[in-house]
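A.B. asks: Contents are TSV, N, CA and C atoms; file name target.tsv:
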```tsv
chain	number	residue	atom	x	y	z
I	14	MET	N	121.70	182.32	32.32
I	14	MET	CA	120.76	182.62	31.25
I	14	MET	C	119.37	182.13	31.65
I	15	SER	N	118.37	182.89	31.35
I	15	SER	CA	117.00	182.54	31.69
I	15	SER	C	116.49	181.39	30.82
I	16	ASP	N	115.72	180.48	31.41
I	16	ASP	CA	115.20	179.37	30.63
I	16	ASP	C	114.24	179.82	29.53
I	17	THR	N	113.71	181.04	29.63
I	17	THR	CA	112.81	181.53	28.58
I	17	THR	C	113.59	181.80	27.30
I	18	MET	N	114.90	181.88	27.40
I	18	MET	CA	115.74	182.09	26.22
I	18	MET	C	115.96	180.78	25.46
I	19	TYR	N	115.68	179.68	26.08
I	19	TYR	CA	115.91	178.38	25.45
I	19	TYR	C	114.70	177.95	24.64
I	20	PRO	N	114.94	177.28	23.51
I	20	PRO	CA	113.81	176.82	22.70
I	20	PRO	C	113.05	175.69	23.39
I	21	ALA	N	111.77	175.61	23.11
I	21	ALA	CA	110.95	174.51	23.61
I	21	ALA	C	110.99	173.39	22.57
I	22	ILE	N	111.31	172.18	23.01
I	22	ILE	CA	111.40	171.03	22.12
I	22	ILE	C	110.21	170.12	22.40
I	23	LEU	N	109.42	169.89	21.37
I	23	LEU	CA	108.23	169.05	21.50
I	23	LEU	C	108.62	167.58	21.62
I	24	VAL	N	108.09	166.92	22.63
I	24	VAL	CA	108.32	165.49	22.82
I	24	VAL	C	106.99	164.77	22.93
I	25	ARG	N	106.98	163.53	22.49
I	25	ARG	CA	105.78	162.70	22.60
I	25	ARG	C	106.04	161.62	23.63
I	26	GLY	N	105.17	161.53	24.62
I	26	GLY	CA	105.35	160.53	25.66
I	26	GLY	C	106.50	160.89	26.58
I	27	GLU	N	107.05	159.87	27.27
I	27	GLU	CA	108.15	160.11	28.19
I	27	GLU	C	109.47	160.18	27.43
I	28	ILE	N	110.40	160.95	27.96
I	28	ILE	CA	111.72	161.01	27.36
I	28	ILE	C	112.76	161.07	28.47
I	29	LYS	N	113.88	160.39	28.23
I	29	LYS	CA	114.97	160.37	29.18
I	29	LYS	C	115.97	161.46	28.82
I	30	LEU	N	116.76	161.84	29.80
I	30	LEU	CA	117.69	162.94	29.64
I	30	LEU	C	118.63	162.75	28.45
I	31	GLY	N	119.24	161.58	28.34
I	31	GLY	CA	120.17	161.33	27.23
I	31	GLY	C	119.49	161.46	25.88
I	32	GLN	N	118.27	160.96	25.77
I	32	GLN	CA	117.52	161.06	24.52
I	32	GLN	C	117.18	162.51	24.21
I	33	PHE	N	116.81	163.27	25.23
I	33	PHE	CA	116.43	164.66	25.02
I	33	PHE	C	117.62	165.49	24.55
I	34	LEU	N	118.79	165.24	25.12
I	34	LEU	CA	119.99	165.98	24.69
I	34	LEU	C	120.22	165.80	23.19
I	35	LYS	N	120.02	164.58	22.70
I	35	LYS	CA	120.18	164.32	21.26
I	35	LYS	C	119.07	164.98	20.46
I	36	LEU	N	117.82	164.82	20.89
I	36	LEU	CA	116.68	165.39	20.19
I	36	LEU	C	116.80	166.91	20.06
I	37	ALA	N	117.26	167.55	21.12
I	37	ALA	CA	117.38	169.01	21.13
I	37	ALA	C	118.61	169.51	20.39
I	38	GLY	N	119.47	168.58	19.96
I	38	GLY	CA	120.67	168.97	19.23
I	38	GLY	C	121.76	169.54	20.12
I	39	LEU	N	121.69	169.24	21.42
I	39	LEU	CA	122.69	169.74	22.35
I	39	LEU	C	123.95	168.89	22.34
I	40	VAL	N	123.82	167.65	21.88
I	40	VAL	CA	124.96	166.74	21.67
I	40	VAL	C	124.74	166.03	20.34
I	41	GLU	N	125.81	165.45	19.81
I	41	GLU	CA	125.71	164.79	18.51
I	41	GLU	C	125.22	163.35	18.60
I	42	ASP	N	125.58	162.66	19.68
I	42	ASP	CA	125.20	161.25	19.78
I	42	ASP	C	125.11	160.81	21.23
I	43	GLY	N	124.74	159.55	21.41
I	43	GLY	CA	124.57	159.02	22.75
I	43	GLY	C	125.85	158.99	23.56
I	44	ALA	N	126.98	158.73	22.90
I	44	ALA	CA	128.26	158.69	23.60
I	44	ALA	C	128.60	160.07	24.16
I	45	GLU	N	128.36	161.11	23.37
I	45	GLU	CA	128.62	162.47	23.83
I	45	GLU	C	127.69	162.83	24.99
I	46	ALA	N	126.43	162.38	24.90
I	46	ALA	CA	125.47	162.64	25.98
I	46	ALA	C	125.94	161.97	27.26
I	47	ARG	N	126.37	160.72	27.17
I	47	ARG	CA	126.82	159.97	28.34
I	47	ARG	C	128.00	160.66	29.01
I	48	ILE	N	128.97	161.09	28.22
I	48	ILE	CA	130.16	161.74	28.77
I	48	ILE	C	129.79	163.06	29.45
I	49	ALA	N	128.95	163.86	28.79
I	49	ALA	CA	128.55	165.15	29.37
I	49	ALA	C	127.80	164.96	30.68
I	50	ILE	N	126.90	163.99	30.72
I	50	ILE	CA	126.12	163.74	31.93
I	50	ILE	C	127.02	163.24	33.06
I	51	GLN	N	127.87	162.25	32.76
I	51	GLN	CA	128.76	161.70	33.78
I	51	GLN	C	129.77	162.72	34.29
I	52	SER	N	130.13	163.68	33.45
I	52	SER	CA	131.10	164.70	33.82
I	52	SER	C	130.48	165.81	34.66
I	53	GLY	N	129.16	165.78	34.83
I	53	GLY	CA	128.48	166.81	35.62
I	53	GLY	C	128.25	168.10	34.86
I	54	ASP	N	128.28	168.01	33.53
I	54	ASP	CA	128.09	169.20	32.69
I	54	ASP	C	126.63	169.46	32.32
I	55	VAL	N	125.72	168.62	32.81
I	55	VAL	CA	124.30	168.75	32.44
I	55	VAL	C	123.48	169.02	33.70
I	56	SER	N	122.58	169.99	33.59
I	56	SER	CA	121.68	170.26	34.71
I	56	SER	C	120.23	170.26	34.23
I	57	VAL	N	119.36	169.87	35.14
I	57	VAL	CA	117.92	169.88	34.89
I	57	VAL	C	117.31	170.80	35.94
I	58	ASN	N	116.65	171.84	35.48
I	58	ASN	CA	116.04	172.83	36.38
I	58	ASN	C	117.06	173.37	37.39
I	59	GLY	N	118.29	173.59	36.92
I	59	GLY	CA	119.32	174.19	37.75
I	59	GLY	C	120.09	173.24	38.65
I	60	GLU	N	119.74	171.96	38.65
I	60	GLU	CA	120.42	170.97	39.49
I	60	GLU	C	121.21	170.01	38.60
I	61	VAL	N	122.48	169.76	38.94
I	61	VAL	CA	123.30	168.83	38.17
I	61	VAL	C	122.64	167.46	38.20
I	62	GLU	N	122.52	166.85	37.04
I	62	GLU	CA	121.91	165.52	36.92
I	62	GLU	C	122.92	164.57	36.28
I	63	ARG	N	123.23	163.48	36.97
I	63	ARG	CA	124.24	162.53	36.48
I	63	ARG	C	123.64	161.20	36.01
I	64	ARG	N	122.31	161.15	35.90
I	64	ARG	CA	121.66	159.91	35.45
I	64	ARG	C	121.13	160.11	34.03
I	65	ARG	N	121.69	159.37	33.10
I	65	ARG	CA	121.27	159.48	31.70
I	65	ARG	C	119.81	159.08	31.53
I	66	GLY	N	119.34	158.17	32.37
I	66	GLY	CA	117.97	157.69	32.29
I	66	GLY	C	116.96	158.51	33.06
I	67	HIS	N	117.38	159.65	33.61
I	67	HIS	CA	116.46	160.52	34.34
I	67	HIS	C	115.29	160.91	33.43
I	68	ARG	N	114.07	160.67	33.89
I	68	ARG	CA	112.88	160.99	33.08
I	68	ARG	C	112.53	162.46	33.24
I	69	LEU	N	112.34	163.12	32.11
I	69	LEU	CA	112.02	164.54	32.11
I	69	LEU	C	110.51	164.74	32.08
I	70	SER	N	110.09	165.88	32.60
I	70	SER	CA	108.67	166.24	32.63
I	70	SER	C	108.45	167.51	31.83
I	71	ASN	N	107.19	167.75	31.48
I	71	ASN	CA	106.83	168.94	30.74
I	71	ASN	C	107.31	170.18	31.50
I	72	GLY	N	107.97	171.09	30.80
I	72	GLY	CA	108.45	172.32	31.40
I	72	GLY	C	109.85	172.26	31.97
I	73	ASP	N	110.44	171.06	32.06
I	73	ASP	CA	111.81	170.96	32.56
I	73	ASP	C	112.76	171.71	31.65
I	74	THR	N	113.75	172.37	32.25
I	74	THR	CA	114.78	173.07	31.50
I	74	THR	C	116.08	172.29	31.64
I	75	VAL	N	116.66	171.92	30.50
I	75	VAL	CA	117.91	171.17	30.46
I	75	VAL	C	119.00	172.10	29.94
I	76	GLU	N	120.10	172.15	30.66
I	76	GLU	CA	121.21	173.02	30.26
I	76	GLU	C	122.50	172.20	30.25
I	77	ILE	N	123.36	172.49	29.28
I	77	ILE	CA	124.64	171.79	29.18
I	77	ILE	C	125.75	172.83	29.07
I	78	ALA	N	126.83	172.58	29.81
I	78	ALA	CA	128.00	173.45	29.75
I	78	ALA	C	128.89	172.96	28.62
I	79	LEU	N	129.14	173.84	27.66
I	79	LEU	CA	129.98	173.52	26.50
I	79	LEU	C	131.22	174.40	26.53
I	80	PRO	N	132.28	174.01	25.81
I	80	PRO	CA	133.47	174.86	25.75
I	80	PRO	C	133.14	176.28	25.26
I	81	SER	N	132.15	176.39	24.40
I	81	SER	CA	131.79	177.70	23.83
I	81	SER	C	130.79	178.47	24.70
I	82	GLY	N	130.39	177.88	25.82
I	82	GLY	CA	129.39	178.51	26.70
I	82	GLY	C	128.29	177.51	26.99
I	83	SER	N	127.22	177.98	27.58
I	83	SER	CA	126.13	177.06	27.91
I	83	SER	C	125.05	177.11	26.84
I	84	ALA	N	124.35	175.99	26.71
I	84	ALA	CA	123.23	175.88	25.78
I	84	ALA	C	122.15	175.10	26.51
I	85	GLY	N	120.94	175.20	26.03
I	85	GLY	CA	119.88	174.48	26.70
I	85	GLY	C	118.60	174.43	25.88
I	86	ALA	N	117.62	173.75	26.45
I	86	ALA	CA	116.31	173.61	25.81
I	86	ALA	C	115.30	173.26	26.90
I	87	ARG	N	114.04	173.54	26.60
I	87	ARG	CA	112.95	173.22	27.51
I	87	ARG	C	112.12	172.08	26.93
I	88	VAL	N	111.61	171.23	27.80
I	88	VAL	CA	110.75	170.12	27.40
I	88	VAL	C	109.33	170.64	27.21
I	89	ARG	N	108.76	170.36	26.06
I	89	ARG	CA	107.35	170.67	25.84
I	89	ARG	C	106.66	169.38	25.45
I	90	ALA	N	105.94	168.80	26.39
I	90	ALA	CA	105.27	167.53	26.15
I	90	ALA	C	104.00	167.75	25.33
I	91	GLU	N	103.78	166.86	24.39
I	91	GLU	CA	102.58	166.93	23.57
I	91	GLU	C	101.38	166.59	24.46
I	92	PRO	N	100.32	167.41	24.39
I	92	PRO	CA	99.16	167.14	25.25
I	92	PRO	C	98.43	165.86	24.89
```
Would you write out, as structure tokens, the structure that this file holds?

C.D. replies:
Amino acid sequence: MSDTMYPAILVRGEIKLGQFLKLAGLVEDGAEARIAIQSGDVSVNGEVERRRGHRLSNGDTVEIALPSGSAGARVRAEP
């Protein structure tokens, strides 16, 4: 799926991958984020990312593989 299909989520300042997954509504809580990341179900800009503390940048596309299919969101940093 093209990243243009994913919603842009506004963030203020720096945000880590685990926090972004929660903010974007891709997971329900931090425990779910940790499990998804450690399981290799999360990618940033098409590359699997296994670090929950990975810092995201403006324009990054985050995708998660779910039982129902994939979902994702793009980082939109506040100017």

A.B. asks: So that I can check the surroundings of segment 50-66 of chain I, please list as an MDAnalysis selection string every protein, DNA and RNA residue that reaches within 6.5 Å of it, counting only N, CA and C atoms and ignoring chain neighbours fewer than 2 positions away.

C.D. replies: chainID I and resid 29:32 45:48 68 73:78

A.B. asks: Just to confirm, what's the straight-line distance from atom N of Ile28 of chain I to atom C of Asp42 of chain I in Å (one decimal)?

C.D. replies: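 Interatomic distance here is 16.2 Å.
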
A.B. asks: Between I:Ser83, I:Ala90, I:Glu41, I:Pro20, which has the minimum distance to Ser70 of chain I (counting only N, CA and C atoms)?

C.D. replies: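 Nearest to Ser70 of chain I: I:Ala90.
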
A.B. asks: Neighbouring residues of Tyr19 of chain I were defined as those with any atom within 7 Å, considering only C-alpha atoms; residues of the same chain fewer than 4 positions away were excluded. Please report them as number ranges by chain.

C.D. replies: I: 85-87

A.B. asks: For the residues in that selection, give me N, CA and C atoms as a PDB file, keeping the file's coordinate frame.

C.D. replies:
```pdb
ATOM      1  N   GLY I  85     120.940 175.200  26.030  1.00  0.00           N
ATOM      2  CA  GLY I  85     119.880 174.480  26.700  1.00  0.00           C
ATOM      3  C   GLY I  85     118.600 174.430  25.880  1.00  0.00           C
ATOM      4  N   ALA I  86     117.620 173.750  26.450  1.00  0.00           N
ATOM      5  CA  ALA I  86     116.310 173.610  25.810  1.00  0.00           C
ATOM      6  C   ALA I  86     115.300 173.260  26.900  1.00  0.00           C
ATOM      7  N   ARG I  87     114.040 173.540  26.600  1.00  0.00           N
ATOM      8  CA  ARG I  87     112.950 173.220  27.510  1.00  0.00           C
ATOM      9  C   ARG I  87     112.120 172.080  26.930  1.00  0.00           C
TER      10      ARG I  87
END
```

A.B. asks: Using DSSP secondary structure from the backbone, list all alpha helix (DSSP H) positions within chain I, as a PyMOL selection string.

C.D. replies: chain I and resi 30-36+43-51

A.B. asks: When DSSP is applied to the backbone of this structure, which of segment 34-68 of chain I are assigned strand (DSSP E or B)? Write them out as a PyMOL selection string.

C.D. replies: chain I and resi 55-57+60-61+68

A.B. asks: State, in Å with one decimal place, the distance from atom N of Met18 of chain I to atom N of Gly43 of chain I.

C.D. replies: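 If I compute the distance from atom N of Met18 of chain I to atom N of Gly43 of chain I, I get 25.1 Å.
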
A.B. asks: From the coordinates I just gave you, please extract segment 40-92 of chain I so that only C-alpha atoms remain, then output it as a tab-separated table (two decimals), in the first residue's frame.

C.D. replies:
```
chain	number	residue	atom	x	y	z
I	40	VAL	CA	-1.90	-0.17	18.92
I	41	GLU	CA	-3.89	0.16	22.13
I	42	ASP	CA	-1.06	0.53	24.63
I	43	GLY	CA	2.66	0.42	25.23
I	44	ALA	CA	2.71	-3.32	25.86
I	45	GLU	CA	1.08	-4.00	22.49
I	46	ALA	CA	3.57	-1.62	20.83
I	47	ARG	CA	6.51	-3.40	22.45
I	48	ILE	CA	5.32	-6.83	21.34
I	49	ALA	CA	4.63	-5.70	17.76
I	50	ILE	CA	8.03	-4.02	17.47
I	51	GLN	CA	9.96	-6.94	18.99
I	52	SER	CA	8.09	-9.39	16.76
I	53	GLY	CA	9.26	-7.55	13.64
I	54	ASP	CA	5.73	-6.50	12.69
I	55	VAL	CA	6.58	-2.78	12.46
I	56	SER	CA	8.43	-1.03	9.67
I	57	VAL	CA	9.61	2.54	9.21
I	58	ASN	CA	9.97	3.70	5.61
I	59	GLY	CA	9.78	0.08	4.45
I	60	GLU	CA	12.50	-1.25	6.78
I	61	VAL	CA	11.69	-3.47	9.79
I	62	GLU	CA	12.46	-1.56	12.98
I	63	ARG	CA	12.92	-3.45	16.26
I	64	ARG	CA	13.82	-0.52	18.52
I	65	ARG	CA	10.88	0.96	20.41
I	66	GLY	CA	12.96	4.07	21.12
I	67	HIS	CA	13.77	4.73	17.46
I	68	ARG	CA	13.27	8.48	16.89
I	69	LEU	CA	11.01	9.34	14.00
I	70	SER	CA	11.43	12.27	11.62
I	71	ASN	CA	8.99	14.39	9.67
I	72	GLY	CA	7.64	12.42	6.72
I	73	ASP	CA	8.50	8.96	8.07
I	74	THR	CA	5.95	6.29	7.22
I	75	VAL	CA	5.22	3.73	9.94
I	76	GLU	CA	3.45	0.51	9.01
I	77	ILE	CA	2.31	-2.37	11.21
I	78	ALA	CA	1.28	-5.86	10.14
I	79	LEU	CA	-1.99	-6.82	11.83
I	80	PRO	CA	-4.04	-10.03	11.63
I	81	SER	CA	-6.61	-8.07	9.60
I	82	GLY	CA	-3.98	-6.65	7.22
I	83	SER	CA	-1.53	-3.79	7.36
I	84	ALA	CA	-2.17	-0.33	8.76
I	85	GLY	CA	0.02	2.71	8.97
I	86	ALA	CA	0.46	6.43	9.43
I	87	ARG	CA	2.87	9.18	8.42
I	88	VAL	CA	4.68	11.53	10.80
I	89	ARG	CA	3.86	15.18	10.32
I	90	ALA	CA	6.04	17.30	12.57
I	91	GLU	CA	4.71	20.65	13.68
I	92	PRO	CA	6.83	23.42	12.13
```
